[in-house]
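Here is protein.cif, consisting of mmCIF, C-alpha atoms:
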```cif
data_work
#
loop_
_atom_site.group_PDB
_atom_site.id
_atom_site.type_symbol
_atom_site.label_atom_id
_atom_site.label_comp_id
_atom_site.auth_asym_id
_atom_site.auth_seq_id
_atom_site.Cartn_x
_atom_site.Cartn_y
_atom_site.Cartn_z
ATOM 1 C CA MET W 150 0.000 0.000 0.000
ATOM 2 C CA ILE W 151 1.393 3.356 -1.055
ATOM 3 C CA SER W 152 0.300 6.700 0.372
ATOM 4 C CA ILE W 153 0.554 9.644 -2.022
ATOM 5 C CA THR W 154 -0.650 13.242 -2.007
ATOM 6 C CA SER W 155 -3.343 14.217 -4.496
ATOM 7 C CA GLY W 156 -0.878 16.542 -6.251
ATOM 8 C CA GLU W 157 1.684 13.763 -6.674
ATOM 9 C CA PHE W 158 -1.074 11.439 -7.825
ATOM 10 C CA LEU W 159 -2.272 13.882 -10.482
ATOM 11 C CA ASN W 160 1.287 14.415 -11.720
ATOM 12 C CA GLU W 161 2.008 10.682 -11.826
ATOM 13 C CA PHE W 162 -1.435 9.294 -12.706
ATOM 14 C CA THR W 163 -0.314 7.071 -15.592
ATOM 15 C CA LEU W 164 2.576 5.632 -13.577
ATOM 16 C CA CYS W 165 0.320 4.997 -10.558
ATOM 17 C CA ALA W 166 -2.406 3.426 -12.712
ATOM 18 C CA ASP W 167 0.080 1.129 -14.431
ATOM 19 C CA HIS W 168 1.648 0.194 -11.090
ATOM 20 C CA ALA W 169 -1.767 -0.529 -9.571
ATOM 21 C CA ASN W 170 -2.642 -2.806 -12.478
ATOM 22 C CA ASP W 171 0.711 -4.438 -13.190
ATOM 23 C CA GLU W 172 1.960 -4.836 -9.605
ATOM 24 C CA ASN W 173 -1.426 -5.148 -7.866
ATOM 25 C CA GLU W 174 -0.554 -2.097 -5.742
ATOM 26 C CA THR W 175 -3.089 -0.099 -3.754
ATOM 27 C CA TYR W 176 -2.765 3.674 -3.403
ATOM 28 C CA ILE W 177 -4.134 5.866 -0.644
ATOM 29 C CA ILE W 178 -4.570 9.320 -2.141
ATOM 30 C CA GLN W 179 -4.355 11.971 0.560
ATOM 31 C CA ARG W 180 -6.372 15.107 -0.053
ATOM 32 C CA GLU W 181 -6.017 18.384 1.836
ATOM 33 C CA SER W 182 -9.733 18.281 2.625
ATOM 34 C CA GLY W 183 -9.225 15.028 4.520
ATOM 35 C CA LYS W 184 -11.511 13.206 2.081
ATOM 36 C CA HIS W 185 -8.948 10.549 1.183
ATOM 37 C CA LEU W 186 -9.409 8.020 -1.604
ATOM 38 C CA VAL W 187 -8.175 4.569 -2.482
ATOM 39 C CA MET W 188 -7.111 3.436 -5.961
ATOM 40 C CA MET W 189 -6.628 -0.200 -6.883
ATOM 41 C CA SER W 190 -6.943 -2.287 -10.008
ATOM 42 C CA LEU W 191 -10.366 -3.497 -11.045
ATOM 43 C CA ASP W 192 -9.151 -7.088 -10.601
ATOM 44 C CA ALA W 193 -8.118 -6.358 -6.994
ATOM 45 C CA TYR W 194 -11.430 -4.606 -6.326
ATOM 46 C CA ASN W 195 -13.432 -7.491 -7.758
ATOM 47 C CA ALA W 196 -11.438 -10.019 -5.708
ATOM 48 C CA LEU W 197 -12.120 -7.979 -2.560
ATOM 49 C CA GLN W 198 -15.832 -7.773 -3.367
ATOM 50 C CA LYS W 199 -15.942 -11.534 -3.935
ATOM 51 C CA LYS W 200 -14.265 -12.201 -0.567
ATOM 52 C CA LEU W 201 -16.745 -9.908 1.177
ATOM 53 C CA TYR W 202 -19.691 -11.575 -0.550
ATOM 54 C CA LEU W 203 -18.455 -15.073 0.324
ATOM 55 C CA ALA W 204 -17.792 -14.083 3.944
ATOM 56 C CA LYS W 205 -21.296 -12.626 4.240
ATOM 57 C CA THR W 206 -22.885 -15.651 2.559
ATOM 58 C CA HIS W 207 -20.936 -17.996 4.833
ATOM 59 C CA SER W 208 -21.902 -16.085 7.989
ATOM 60 C CA ASP W 209 -25.584 -15.991 6.919
ATOM 61 C CA ASN W 210 -25.595 -19.781 6.585
ATOM 62 C CA HIS W 211 -24.357 -20.438 10.113
#
```

Output the structure of this file as structure tokens.
Amino acid sequence: MISITSGEFLNEFTLCADHANDENETYIIQRESGKHLVMMSLDAYNALQKKLYLAKTHSDNH
């Protein structure tokens, strides 16, 4: 997980996006307003959503 300021992120968007996709890296984008964001690849996001769904389904069945 990499923490980066919003200014750095905007300047290095293509590099960050490629790194998120190619290296499965997650970025925390720090904004001055305190409304921080997370960027990750769609594959990583989908895998996380699947794990959450399976955990919920499993807990509902017990």

Take atom CA of W:Tyr176 and atom CA of W:Ser155 and report the distance between them in Å, one decimal. 10.6 Å

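The spacing separating atom CA of W:Ser152 from atom CA of W:Asp192 amounts to 20.0 Å.
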
For W:Thr154, work out the shell of residues within 6 Å, counting all atoms listed in the file and skipping chain neighbours fewer than 3 positions away, then give it as a short mmCIF file (atom, residue, chain, number, x, y, z; two decimals) with C-alpha atoms, in the frame of the given file.
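Below is the file result.cif, written as the result:
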```
data_model
loop_
_atom_site.label_atom_id
_atom_site.label_comp_id
_atom_site.auth_asym_id
_atom_site.auth_seq_id
_atom_site.Cartn_x
_atom_site.Cartn_y
_atom_site.Cartn_z
CA GLU W 157 1.68 13.76 -6.67
CA ILE W 178 -4.57 9.32 -2.14
CA GLN W 179 -4.36 11.97 0.56
#
```

Expand the PyMOL selection byres ((chain W and resi 159-166) around 12) into the individual residues it matches in the shown file, reporting them as a list in words.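 Given this file, the PyMOL selection byres ((chain W and resi 159-166) around 12) evaluates to Met150, Ile151, Ser152, Ile153, Thr154, Ser155, Gly156, Glu157, Phe158, Asp167, His168, Ala169, Asn170, Asp171, Glu172, Asn173, Glu174, Thr175, Tyr176, Ile177, Ile178, Gln179, Arg180, Val187, Met188, Met189, Ser190 and Leu191 of chain W.
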
Measure the distance from atom CA of W:Tyr194 to atom CA of W:His207 in Å and round it to one decimal.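 Separation between atom CA of W:Tyr194 and atom CA of W:His207: 19.9 Å.
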
Return as AutoDock Vina command-line options the centre and edge lengths, in Å with one decimal, of the box along x, y and z that encloses every atom of stretch 166-178 of chain W in the file, padded by 6 Å per side.
```
--center_x -1.3 --center_y 2.1 --center_z -7.5 --size_x 18.5 --size_y 26.5 --size_z 25.8
```
